[in-house]
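What follows is target21.cif (mmCIF, N, CA and C atoms).
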```cif
data_structure
#
loop_
_atom_site.label_atom_id
_atom_site.label_comp_id
_atom_site.auth_asym_id
_atom_site.auth_seq_id
_atom_site.Cartn_x
_atom_site.Cartn_y
_atom_site.Cartn_z
N ALA A 36 -4.29 -4.42 -7.48
CA ALA A 36 -5.13 -4.79 -6.35
C ALA A 36 -6.58 -4.42 -6.63
N LEU A 37 -6.79 -3.25 -7.25
CA LEU A 37 -8.17 -2.86 -7.56
C LEU A 37 -8.78 -3.76 -8.64
N ALA A 38 -7.95 -4.19 -9.58
CA ALA A 38 -8.45 -5.09 -10.62
C ALA A 38 -8.86 -6.43 -10.02
N LEU A 39 -8.08 -6.93 -9.07
CA LEU A 39 -8.45 -8.19 -8.39
C LEU A 39 -9.73 -8.02 -7.57
N ALA A 40 -9.86 -6.87 -6.90
CA ALA A 40 -11.08 -6.61 -6.14
C ALA A 40 -12.29 -6.52 -7.08
N ALA A 41 -12.09 -5.92 -8.25
CA ALA A 41 -13.18 -5.83 -9.22
C ALA A 41 -13.57 -7.22 -9.73
N LEU A 42 -12.58 -8.05 -10.01
CA LEU A 42 -12.86 -9.41 -10.45
C LEU A 42 -13.59 -10.20 -9.37
N ALA A 43 -13.14 -10.06 -8.14
CA ALA A 43 -13.82 -10.73 -7.02
C ALA A 43 -15.25 -10.22 -6.88
N GLY A 44 -15.43 -8.92 -7.08
CA GLY A 44 -16.77 -8.34 -6.99
C GLY A 44 -17.71 -8.91 -8.03
N LEU A 45 -17.17 -9.22 -9.21
CA LEU A 45 -18.01 -9.80 -10.25
C LEU A 45 -18.31 -11.27 -10.00
N LEU A 46 -17.38 -11.98 -9.35
CA LEU A 46 -17.54 -13.42 -9.17
C LEU A 46 -18.28 -13.81 -7.90
N LEU A 47 -18.27 -12.95 -6.89
CA LEU A 47 -18.92 -13.29 -5.63
C LEU A 47 -20.43 -13.20 -5.76
N PRO A 48 -21.14 -14.05 -5.03
CA PRO A 48 -22.61 -13.96 -5.06
C PRO A 48 -23.07 -12.78 -4.20
N TRP A 49 -23.84 -11.88 -4.79
CA TRP A 49 -24.33 -10.71 -4.08
C TRP A 49 -25.85 -10.79 -4.01
N PRO A 50 -26.43 -10.35 -2.90
CA PRO A 50 -27.88 -10.40 -2.79
C PRO A 50 -28.57 -9.25 -3.54
N GLY A 51 -29.73 -9.52 -4.11
CA GLY A 51 -30.65 -8.56 -4.70
C GLY A 51 -30.08 -7.37 -5.42
N ARG A 52 -30.30 -6.19 -4.83
CA ARG A 52 -29.89 -4.93 -5.46
C ARG A 52 -28.39 -4.84 -5.70
N LEU A 53 -27.62 -5.39 -4.79
CA LEU A 53 -26.16 -5.35 -4.95
C LEU A 53 -25.71 -6.09 -6.20
N ARG A 54 -26.41 -7.18 -6.52
CA ARG A 54 -26.04 -7.96 -7.69
C ARG A 54 -26.12 -7.10 -8.96
N ARG A 55 -27.11 -6.21 -9.04
CA ARG A 55 -27.23 -5.33 -10.20
C ARG A 55 -26.26 -4.17 -10.13
N ALA A 56 -25.88 -3.74 -8.94
CA ALA A 56 -25.01 -2.57 -8.79
C ALA A 56 -23.53 -2.92 -8.99
N VAL A 57 -23.14 -4.14 -8.69
CA VAL A 57 -21.72 -4.50 -8.75
C VAL A 57 -21.12 -4.31 -10.14
N PRO A 58 -21.74 -4.77 -11.22
CA PRO A 58 -21.13 -4.54 -12.54
C PRO A 58 -20.95 -3.05 -12.87
N VAL A 59 -21.88 -2.22 -12.45
CA VAL A 59 -21.76 -0.78 -12.68
C VAL A 59 -20.60 -0.22 -11.88
N LEU A 60 -20.47 -0.64 -10.63
CA LEU A 60 -19.36 -0.18 -9.80
C LEU A 60 -18.02 -0.66 -10.34
N VAL A 61 -17.98 -1.89 -10.82
CA VAL A 61 -16.75 -2.43 -11.38
C VAL A 61 -16.37 -1.66 -12.64
N ALA A 62 -17.34 -1.40 -13.51
CA ALA A 62 -17.06 -0.65 -14.74
C ALA A 62 -16.56 0.75 -14.41
N ALA A 63 -17.19 1.41 -13.44
CA ALA A 63 -16.76 2.75 -13.05
C ALA A 63 -15.34 2.72 -12.46
N SER A 64 -15.04 1.71 -11.67
CA SER A 64 -13.70 1.58 -11.09
C SER A 64 -12.65 1.34 -12.17
N LEU A 65 -12.97 0.50 -13.14
CA LEU A 65 -12.03 0.23 -14.22
C LEU A 65 -11.79 1.48 -15.07
N MET A 66 -12.85 2.26 -15.30
CA MET A 66 -12.69 3.50 -16.06
C MET A 66 -11.84 4.49 -15.28
N ALA A 67 -12.01 4.55 -13.96
CA ALA A 67 -11.21 5.44 -13.14
C ALA A 67 -9.74 5.02 -13.17
N MET A 68 -9.48 3.71 -13.12
CA MET A 68 -8.10 3.23 -13.20
C MET A 68 -7.48 3.55 -14.56
N LEU A 69 -8.26 3.42 -15.60
CA LEU A 69 -7.78 3.75 -16.94
C LEU A 69 -7.48 5.24 -17.04
N PHE A 70 -8.34 6.07 -16.47
CA PHE A 70 -8.12 7.52 -16.47
C PHE A 70 -6.83 7.86 -15.74
N MET A 71 -6.63 7.28 -14.56
CA MET A 71 -5.42 7.57 -13.79
C MET A 71 -4.17 7.08 -14.51
N ALA A 72 -4.25 5.94 -15.17
CA ALA A 72 -3.11 5.45 -15.92
C ALA A 72 -2.79 6.39 -17.09
N ALA A 73 -3.82 6.84 -17.80
CA ALA A 73 -3.61 7.77 -18.91
C ALA A 73 -3.06 9.10 -18.42
N LEU A 74 -3.55 9.55 -17.27
CA LEU A 74 -3.06 10.79 -16.68
C LEU A 74 -1.57 10.67 -16.35
N GLY A 75 -1.19 9.58 -15.73
CA GLY A 75 0.20 9.37 -15.36
C GLY A 75 1.12 9.23 -16.57
N VAL A 76 0.68 8.48 -17.56
CA VAL A 76 1.50 8.29 -18.76
C VAL A 76 1.64 9.61 -19.51
N SER A 77 0.58 10.40 -19.58
CA SER A 77 0.68 11.67 -20.31
C SER A 77 1.66 12.61 -19.61
N PHE A 78 1.66 12.65 -18.27
CA PHE A 78 2.64 13.50 -17.59
C PHE A 78 4.05 12.96 -17.79
N ALA A 79 4.20 11.66 -17.76
CA ALA A 79 5.53 11.07 -17.97
C ALA A 79 6.05 11.43 -19.36
N LEU A 80 5.17 11.40 -20.36
CA LEU A 80 5.59 11.76 -21.72
C LEU A 80 5.96 13.24 -21.81
N VAL A 81 5.17 14.10 -21.16
CA VAL A 81 5.49 15.53 -21.17
C VAL A 81 6.83 15.76 -20.47
N LEU A 82 7.01 15.15 -19.31
CA LEU A 82 8.25 15.33 -18.55
C LEU A 82 9.46 14.80 -19.33
N ASN A 83 9.32 13.63 -19.93
CA ASN A 83 10.43 13.03 -20.68
C ASN A 83 10.74 13.79 -21.96
N SER A 84 9.76 14.52 -22.49
CA SER A 84 10.04 15.32 -23.68
C SER A 84 10.91 16.52 -23.35
N LEU A 85 10.93 16.94 -22.08
CA LEU A 85 11.74 18.08 -21.66
C LEU A 85 13.06 17.67 -21.04
N ALA A 86 13.19 16.38 -20.71
CA ALA A 86 14.40 15.90 -20.05
C ALA A 86 15.56 15.87 -21.04
N PRO A 87 16.78 15.83 -20.54
CA PRO A 87 17.93 15.74 -21.45
C PRO A 87 17.82 14.52 -22.36
N ALA A 88 18.51 14.57 -23.49
CA ALA A 88 18.40 13.53 -24.52
C ALA A 88 18.68 12.13 -23.99
N GLY A 89 19.58 11.99 -23.03
CA GLY A 89 19.94 10.66 -22.55
C GLY A 89 19.06 10.17 -21.40
N ALA A 90 18.05 10.91 -21.03
CA ALA A 90 17.21 10.51 -19.89
C ALA A 90 16.39 9.27 -20.25
N PRO A 91 16.39 8.26 -19.39
CA PRO A 91 15.65 7.03 -19.70
C PRO A 91 14.15 7.22 -19.47
N LEU A 92 13.38 6.50 -20.25
CA LEU A 92 11.93 6.50 -20.07
C LEU A 92 11.55 5.61 -18.89
N ALA A 93 12.55 5.03 -18.22
CA ALA A 93 12.30 4.16 -17.07
C ALA A 93 11.70 4.93 -15.91
N ALA A 94 11.76 6.26 -15.97
CA ALA A 94 11.19 7.08 -14.91
C ALA A 94 9.67 7.22 -15.06
N LEU A 95 9.08 6.47 -16.02
CA LEU A 95 7.65 6.55 -16.26
C LEU A 95 6.83 6.26 -15.00
N PRO A 96 7.10 5.19 -14.25
CA PRO A 96 6.30 4.96 -13.03
C PRO A 96 6.44 6.10 -12.02
N PHE A 97 7.63 6.66 -11.91
CA PHE A 97 7.87 7.76 -10.98
C PHE A 97 7.06 9.00 -11.39
N ALA A 98 7.15 9.36 -12.67
CA ALA A 98 6.42 10.53 -13.16
C ALA A 98 4.91 10.29 -13.09
N ALA A 99 4.48 9.08 -13.40
CA ALA A 99 3.05 8.76 -13.33
C ALA A 99 2.54 8.86 -11.90
N ALA A 100 3.31 8.37 -10.95
CA ALA A 100 2.90 8.47 -9.54
C ALA A 100 2.82 9.92 -9.10
N ILE A 101 3.73 10.76 -9.55
CA ILE A 101 3.70 12.18 -9.20
C ILE A 101 2.44 12.84 -9.75
N ALA A 102 2.10 12.52 -11.00
CA ALA A 102 0.90 13.10 -11.61
C ALA A 102 -0.36 12.68 -10.86
N VAL A 103 -0.44 11.41 -10.51
CA VAL A 103 -1.63 10.91 -9.82
C VAL A 103 -1.72 11.50 -8.41
N LEU A 104 -0.60 11.56 -7.70
CA LEU A 104 -0.62 12.17 -6.35
C LEU A 104 -0.98 13.65 -6.42
N GLY A 105 -0.46 14.35 -7.41
CA GLY A 105 -0.81 15.75 -7.58
C GLY A 105 -2.29 15.92 -7.88
N TRP A 106 -2.83 15.07 -8.76
CA TRP A 106 -4.24 15.14 -9.11
C TRP A 106 -5.12 14.86 -7.88
N LEU A 107 -4.77 13.81 -7.14
CA LEU A 107 -5.56 13.46 -5.95
C LEU A 107 -5.54 14.58 -4.91
N THR A 108 -4.37 15.17 -4.71
CA THR A 108 -4.27 16.27 -3.75
C THR A 108 -5.12 17.45 -4.19
N GLY A 109 -5.04 17.79 -5.47
CA GLY A 109 -5.87 18.88 -5.98
C GLY A 109 -7.35 18.58 -5.89
N TYR A 110 -7.71 17.33 -6.13
CA TYR A 110 -9.12 16.92 -6.08
C TYR A 110 -9.66 17.01 -4.65
N LEU A 111 -8.83 16.65 -3.69
CA LEU A 111 -9.28 16.62 -2.30
C LEU A 111 -9.16 17.96 -1.58
N THR A 112 -8.56 18.96 -2.21
CA THR A 112 -8.37 20.25 -1.57
C THR A 112 -9.62 21.11 -1.76
N PRO A 113 -10.30 21.45 -0.67
CA PRO A 113 -11.50 22.28 -0.82
C PRO A 113 -11.12 23.71 -1.23
N GLY A 114 -11.94 24.28 -2.09
CA GLY A 114 -11.74 25.66 -2.48
C GLY A 114 -10.76 25.86 -3.62
N ALA A 115 -10.15 24.80 -4.13
CA ALA A 115 -9.22 24.92 -5.25
C ALA A 115 -9.91 24.37 -6.50
N PRO A 116 -10.44 25.24 -7.36
CA PRO A 116 -11.16 24.75 -8.53
C PRO A 116 -10.25 23.95 -9.46
N GLY A 117 -10.59 22.71 -9.67
CA GLY A 117 -9.77 21.85 -10.51
C GLY A 117 -8.39 21.59 -9.92
N GLY A 118 -8.23 21.81 -8.62
CA GLY A 118 -6.94 21.61 -7.98
C GLY A 118 -5.92 22.66 -8.39
N LEU A 119 -6.40 23.77 -8.96
CA LEU A 119 -5.53 24.80 -9.49
C LEU A 119 -4.57 25.31 -8.42
N GLY A 120 -3.31 25.17 -8.68
CA GLY A 120 -2.26 25.60 -7.76
C GLY A 120 -1.83 24.50 -6.80
N THR A 121 -2.79 23.80 -6.24
CA THR A 121 -2.47 22.73 -5.30
C THR A 121 -1.77 21.59 -6.00
N ARG A 122 -2.34 21.16 -7.11
CA ARG A 122 -1.75 20.04 -7.87
C ARG A 122 -0.34 20.40 -8.32
N GLU A 123 -0.18 21.61 -8.82
CA GLU A 123 1.11 22.03 -9.32
C GLU A 123 2.16 22.11 -8.21
N ALA A 124 1.75 22.61 -7.05
CA ALA A 124 2.68 22.72 -5.92
C ALA A 124 3.16 21.35 -5.46
N VAL A 125 2.24 20.41 -5.36
CA VAL A 125 2.61 19.05 -4.94
C VAL A 125 3.54 18.42 -5.96
N MET A 126 3.23 18.59 -7.22
CA MET A 126 4.07 18.01 -8.27
C MET A 126 5.47 18.64 -8.26
N LEU A 127 5.54 19.95 -8.03
CA LEU A 127 6.84 20.62 -8.00
C LEU A 127 7.68 20.13 -6.83
N VAL A 128 7.05 19.96 -5.67
CA VAL A 128 7.78 19.45 -4.50
C VAL A 128 8.27 18.02 -4.75
N LEU A 129 7.42 17.19 -5.34
CA LEU A 129 7.80 15.80 -5.57
C LEU A 129 8.86 15.66 -6.66
N LEU A 130 8.92 16.61 -7.58
CA LEU A 130 9.93 16.55 -8.64
C LEU A 130 11.27 17.14 -8.21
N ALA A 131 11.29 17.82 -7.07
CA ALA A 131 12.53 18.46 -6.62
C ALA A 131 13.66 17.43 -6.52
N GLY A 132 14.78 17.76 -7.11
CA GLY A 132 15.94 16.87 -7.08
C GLY A 132 15.99 15.89 -8.24
N SER A 133 14.87 15.66 -8.90
CA SER A 133 14.84 14.73 -10.03
C SER A 133 15.16 15.44 -11.34
N VAL A 134 14.56 16.61 -11.51
CA VAL A 134 14.82 17.43 -12.69
C VAL A 134 15.04 18.86 -12.20
N SER A 135 15.55 19.70 -13.08
CA SER A 135 15.75 21.10 -12.67
C SER A 135 14.41 21.75 -12.42
N GLU A 136 14.43 22.81 -11.60
CA GLU A 136 13.18 23.49 -11.27
C GLU A 136 12.53 24.08 -12.51
N GLY A 137 13.34 24.59 -13.43
CA GLY A 137 12.81 25.16 -14.67
C GLY A 137 12.10 24.11 -15.51
N GLU A 138 12.75 22.95 -15.67
CA GLU A 138 12.12 21.87 -16.43
C GLU A 138 10.84 21.39 -15.76
N ALA A 139 10.87 21.31 -14.44
CA ALA A 139 9.68 20.88 -13.71
C ALA A 139 8.54 21.87 -13.90
N LEU A 140 8.82 23.16 -13.80
CA LEU A 140 7.76 24.16 -13.98
C LEU A 140 7.19 24.13 -15.39
N ILE A 141 8.05 23.98 -16.38
CA ILE A 141 7.56 23.91 -17.76
C ILE A 141 6.72 22.66 -17.96
N ALA A 142 7.19 21.52 -17.45
CA ALA A 142 6.45 20.26 -17.60
C ALA A 142 5.10 20.34 -16.90
N ILE A 143 5.08 20.92 -15.71
CA ILE A 143 3.82 21.03 -14.96
C ILE A 143 2.85 21.97 -15.67
N THR A 144 3.36 23.06 -16.21
CA THR A 144 2.50 24.00 -16.94
C THR A 144 1.95 23.36 -18.22
N LEU A 145 2.81 22.68 -18.95
CA LEU A 145 2.36 21.98 -20.15
C LEU A 145 1.34 20.89 -19.81
N PHE A 146 1.56 20.22 -18.69
CA PHE A 146 0.63 19.18 -18.27
C PHE A 146 -0.74 19.77 -17.94
N ARG A 147 -0.76 20.93 -17.30
CA ARG A 147 -2.04 21.59 -17.03
C ARG A 147 -2.73 21.93 -18.34
N LEU A 148 -1.98 22.41 -19.32
CA LEU A 148 -2.54 22.72 -20.63
C LEU A 148 -3.09 21.46 -21.30
N VAL A 149 -2.35 20.37 -21.22
CA VAL A 149 -2.81 19.10 -21.80
C VAL A 149 -4.11 18.65 -21.14
N THR A 150 -4.20 18.74 -19.82
CA THR A 150 -5.41 18.28 -19.14
C THR A 150 -6.60 19.19 -19.44
N VAL A 151 -6.37 20.50 -19.56
CA VAL A 151 -7.46 21.42 -19.91
C VAL A 151 -7.94 21.11 -21.33
N LEU A 152 -7.02 20.91 -22.26
CA LEU A 152 -7.41 20.56 -23.63
C LEU A 152 -8.15 19.22 -23.66
N GLY A 153 -7.70 18.26 -22.84
CA GLY A 153 -8.40 16.97 -22.75
C GLY A 153 -9.81 17.14 -22.22
N ASP A 154 -9.98 17.99 -21.22
CA ASP A 154 -11.33 18.27 -20.70
C ASP A 154 -12.21 18.89 -21.78
N LEU A 155 -11.65 19.81 -22.55
CA LEU A 155 -12.43 20.45 -23.62
C LEU A 155 -12.82 19.45 -24.70
N VAL A 156 -11.91 18.56 -25.06
CA VAL A 156 -12.22 17.54 -26.06
C VAL A 156 -13.31 16.61 -25.54
N CYS A 157 -13.19 16.18 -24.29
CA CYS A 157 -14.22 15.30 -23.71
C CYS A 157 -15.57 16.00 -23.65
N PHE A 158 -15.57 17.27 -23.28
CA PHE A 158 -16.82 18.03 -23.26
C PHE A 158 -17.42 18.11 -24.65
N GLY A 159 -16.58 18.43 -25.64
CA GLY A 159 -17.07 18.56 -27.01
C GLY A 159 -17.65 17.27 -27.55
N VAL A 160 -16.96 16.16 -27.31
CA VAL A 160 -17.46 14.86 -27.77
C VAL A 160 -18.77 14.52 -27.07
N GLY A 161 -18.83 14.75 -25.77
CA GLY A 161 -20.07 14.49 -25.03
C GLY A 161 -21.21 15.36 -25.51
N TRP A 162 -20.91 16.61 -25.77
CA TRP A 162 -21.95 17.53 -26.24
C TRP A 162 -22.47 17.09 -27.60
N LEU A 163 -21.56 16.70 -28.50
CA LEU A 163 -21.99 16.25 -29.83
C LEU A 163 -22.80 14.96 -29.76
N LEU A 164 -22.37 14.05 -28.89
CA LEU A 164 -23.06 12.76 -28.79
C LEU A 164 -24.42 12.86 -28.10
N PHE A 165 -24.53 13.73 -27.13
CA PHE A 165 -25.73 13.74 -26.30
C PHE A 165 -26.57 15.01 -26.40
N ARG A 166 -26.30 15.88 -27.36
CA ARG A 166 -27.10 17.09 -27.48
C ARG A 166 -28.52 16.71 -27.87
N GLY A 167 -29.45 17.38 -27.25
CA GLY A 167 -30.84 17.13 -27.53
C GLY A 167 -31.43 15.93 -26.82
N THR A 168 -30.63 15.22 -26.00
CA THR A 168 -31.16 14.05 -25.32
C THR A 168 -31.58 14.37 -23.89
N ALA A 169 -31.15 15.50 -23.37
CA ALA A 169 -31.50 15.85 -21.99
C ALA A 169 -32.87 16.51 -21.93
N SER A 170 -33.60 16.18 -20.92
CA SER A 170 -34.91 16.77 -20.70
C SER A 170 -34.75 18.07 -19.93
N PRO A 171 -35.45 19.14 -20.33
CA PRO A 171 -35.33 20.41 -19.61
C PRO A 171 -35.87 20.30 -18.19
N ASP A 172 -36.83 19.41 -17.99
CA ASP A 172 -37.42 19.20 -16.67
C ASP A 172 -37.13 17.77 -16.27
N PRO A 173 -36.46 17.57 -15.09
CA PRO A 173 -36.11 16.19 -14.70
C PRO A 173 -37.31 15.25 -14.60
N GLY A 174 -38.50 15.79 -14.40
CA GLY A 174 -39.68 14.95 -14.27
C GLY A 174 -40.31 14.58 -15.60
N VAL A 175 -39.86 15.22 -16.69
CA VAL A 175 -40.44 14.99 -18.00
C VAL A 175 -39.45 14.20 -18.86
N PRO A 176 -39.85 13.05 -19.40
CA PRO A 176 -38.92 12.28 -20.24
C PRO A 176 -38.60 13.04 -21.53
N ALA A 177 -37.40 12.80 -22.06
CA ALA A 177 -36.98 13.45 -23.30
C ALA A 177 -37.78 12.88 -24.47
N ALA A 178 -38.07 13.71 -25.44
CA ALA A 178 -38.87 13.28 -26.60
C ALA A 178 -38.01 12.57 -27.61
#
```
Please express the file's structure as C-alpha cells.
Amino acid sequence: ALALAALAGLLLPWPGRLRRAVPVLVAASLMAMLFMAALGVSFALVLNSLAPAGAPLAALPFAAAIAVLGWLTGYLTPGAPGGLGTREAVMLVLLAGSVSEGEALIAITLFRLVTVLGDLVCFGVGWLLFRGTASPDPGVPAA
C-alpha cells in the first residue's frame, strides 16, 4: 500500500514546493520500508536458526511482523533509549505459544545484538564516508 502511495505521489501533479519535496519523501519512505523489511527478515532468520530442525521458514512473515511491531513499540515509548526493554517485552509476549520461552529470550537477545552491531556498522561507514565534510559552525560552509 505504501509503495502504491509512493508511486501515486510521483505521478500526481503537485504545485510548486511540493513538486520538489515529493521525490525526497518517496525516497525516504522507500528506504524506511526497506529498513523494516530487513529488520523483519533478520529477526526471522535469527528465530529460525534457534527453532527445531523441522521448523518451516514459512513463519517468516509472522516473525517479521513481531520484529516490526516490537521496534515500533520501542520507538514510540518515551524514556526507553532505543526501545530498550520495551521492544523485547512486546516481542516476548507476541512469541508466547509459538516457541518456547527460552528460545524466544535467546532469539530476542541475539536480535538486539544484531541490531546494535548493525548500528555500529552504519555509524562506521557513515563516519568514514563523511568525515571532514561537516562544518563546525552551521553558518559557515565546509571547506
Query raised in the report: If you apply the PyMOL selection byres ((chain A and resi 95) around 8) to this file, what residues do you get, as a PyMOL selection string?
Result: chain A and resi 75-76+78-80+91-94+96-101
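If you look at atom CA of A:Thr168 and atom CA of A:Tyr110, they are 29.4 Å away from each other.
One finds atom CA of A:Asn83 at 17.2 Å from atom CA of A:Glu123.
Picture a line from atom CA of A:Val57 to atom N of A:Gly44; it runs 7.9 Å.
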Kindly resolve the PyMOL selection byres ((chain A and resi 122) around 8) on the present coordinates and return the residues as a short mmCIF file (atom, residue, chain, number, x, y, z; two decimals) with N, CA and C atoms, in the frame of the given file.
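As written to disk, out_36.cif reads:
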```
data_model
loop_
_atom_site.label_atom_id
_atom_site.label_comp_id
_atom_site.auth_asym_id
_atom_site.auth_seq_id
_atom_site.Cartn_x
_atom_site.Cartn_y
_atom_site.Cartn_z
N LEU A 104 -0.60 11.56 -7.70
CA LEU A 104 -0.62 12.17 -6.35
C LEU A 104 -0.98 13.65 -6.42
N GLY A 105 -0.46 14.35 -7.41
CA GLY A 105 -0.81 15.75 -7.58
C GLY A 105 -2.29 15.92 -7.88
N TRP A 106 -2.83 15.07 -8.76
CA TRP A 106 -4.24 15.14 -9.11
C TRP A 106 -5.12 14.86 -7.88
N LEU A 107 -4.77 13.81 -7.14
CA LEU A 107 -5.56 13.46 -5.95
C LEU A 107 -5.54 14.58 -4.91
N THR A 108 -4.37 15.17 -4.71
CA THR A 108 -4.27 16.27 -3.75
C THR A 108 -5.12 17.45 -4.19
N GLY A 109 -5.04 17.79 -5.47
CA GLY A 109 -5.87 18.88 -5.98
C GLY A 109 -7.35 18.58 -5.89
N TYR A 110 -7.71 17.33 -6.13
CA TYR A 110 -9.12 16.92 -6.08
C TYR A 110 -9.66 17.01 -4.65
N GLY A 117 -10.59 22.71 -9.67
CA GLY A 117 -9.77 21.85 -10.51
C GLY A 117 -8.39 21.59 -9.92
N GLY A 118 -8.23 21.81 -8.62
CA GLY A 118 -6.94 21.61 -7.98
C GLY A 118 -5.92 22.66 -8.39
N LEU A 119 -6.40 23.77 -8.96
CA LEU A 119 -5.53 24.80 -9.49
C LEU A 119 -4.57 25.31 -8.42
N GLY A 120 -3.31 25.17 -8.68
CA GLY A 120 -2.26 25.60 -7.76
C GLY A 120 -1.83 24.50 -6.80
N THR A 121 -2.79 23.80 -6.24
CA THR A 121 -2.47 22.73 -5.30
C THR A 121 -1.77 21.59 -6.00
N GLU A 123 -0.18 21.61 -8.82
CA GLU A 123 1.11 22.03 -9.32
C GLU A 123 2.16 22.11 -8.21
N ALA A 124 1.75 22.61 -7.05
CA ALA A 124 2.68 22.72 -5.92
C ALA A 124 3.16 21.35 -5.46
N VAL A 125 2.24 20.41 -5.36
CA VAL A 125 2.61 19.05 -4.94
C VAL A 125 3.54 18.42 -5.96
N MET A 126 3.23 18.59 -7.22
CA MET A 126 4.07 18.01 -8.27
C MET A 126 5.47 18.64 -8.26
N LEU A 127 5.54 19.95 -8.03
CA LEU A 127 6.84 20.62 -8.00
C LEU A 127 7.68 20.13 -6.83
N VAL A 128 7.05 19.96 -5.67
CA VAL A 128 7.78 19.45 -4.50
C VAL A 128 8.27 18.02 -4.75
N ILE A 143 5.08 20.92 -15.71
CA ILE A 143 3.82 21.03 -14.96
C ILE A 143 2.85 21.97 -15.67
#
```
Report task. Mind the document's chain letters and residue numbers, and return as a PyMOL selection string the residues of chain A that DSSP labels alpha helix (DSSP H). Result -> chain A and resi 37-46+51-85+95-111+121-130+136-165
Query raised in the report: Pick from A:Thr112, A:Gly161, A:Leu42, A:Arg166: nearest to A:Ser64, with only C-alpha atoms counted?
Result: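 Smallest distance to A:Ser64 is found for A:Leu42.
Nearest residue to A:Val103, choosing from A:Ala131, A:Leu45, A:Leu60, A:Met71 and counting all atoms listed in the file: A:Met71.
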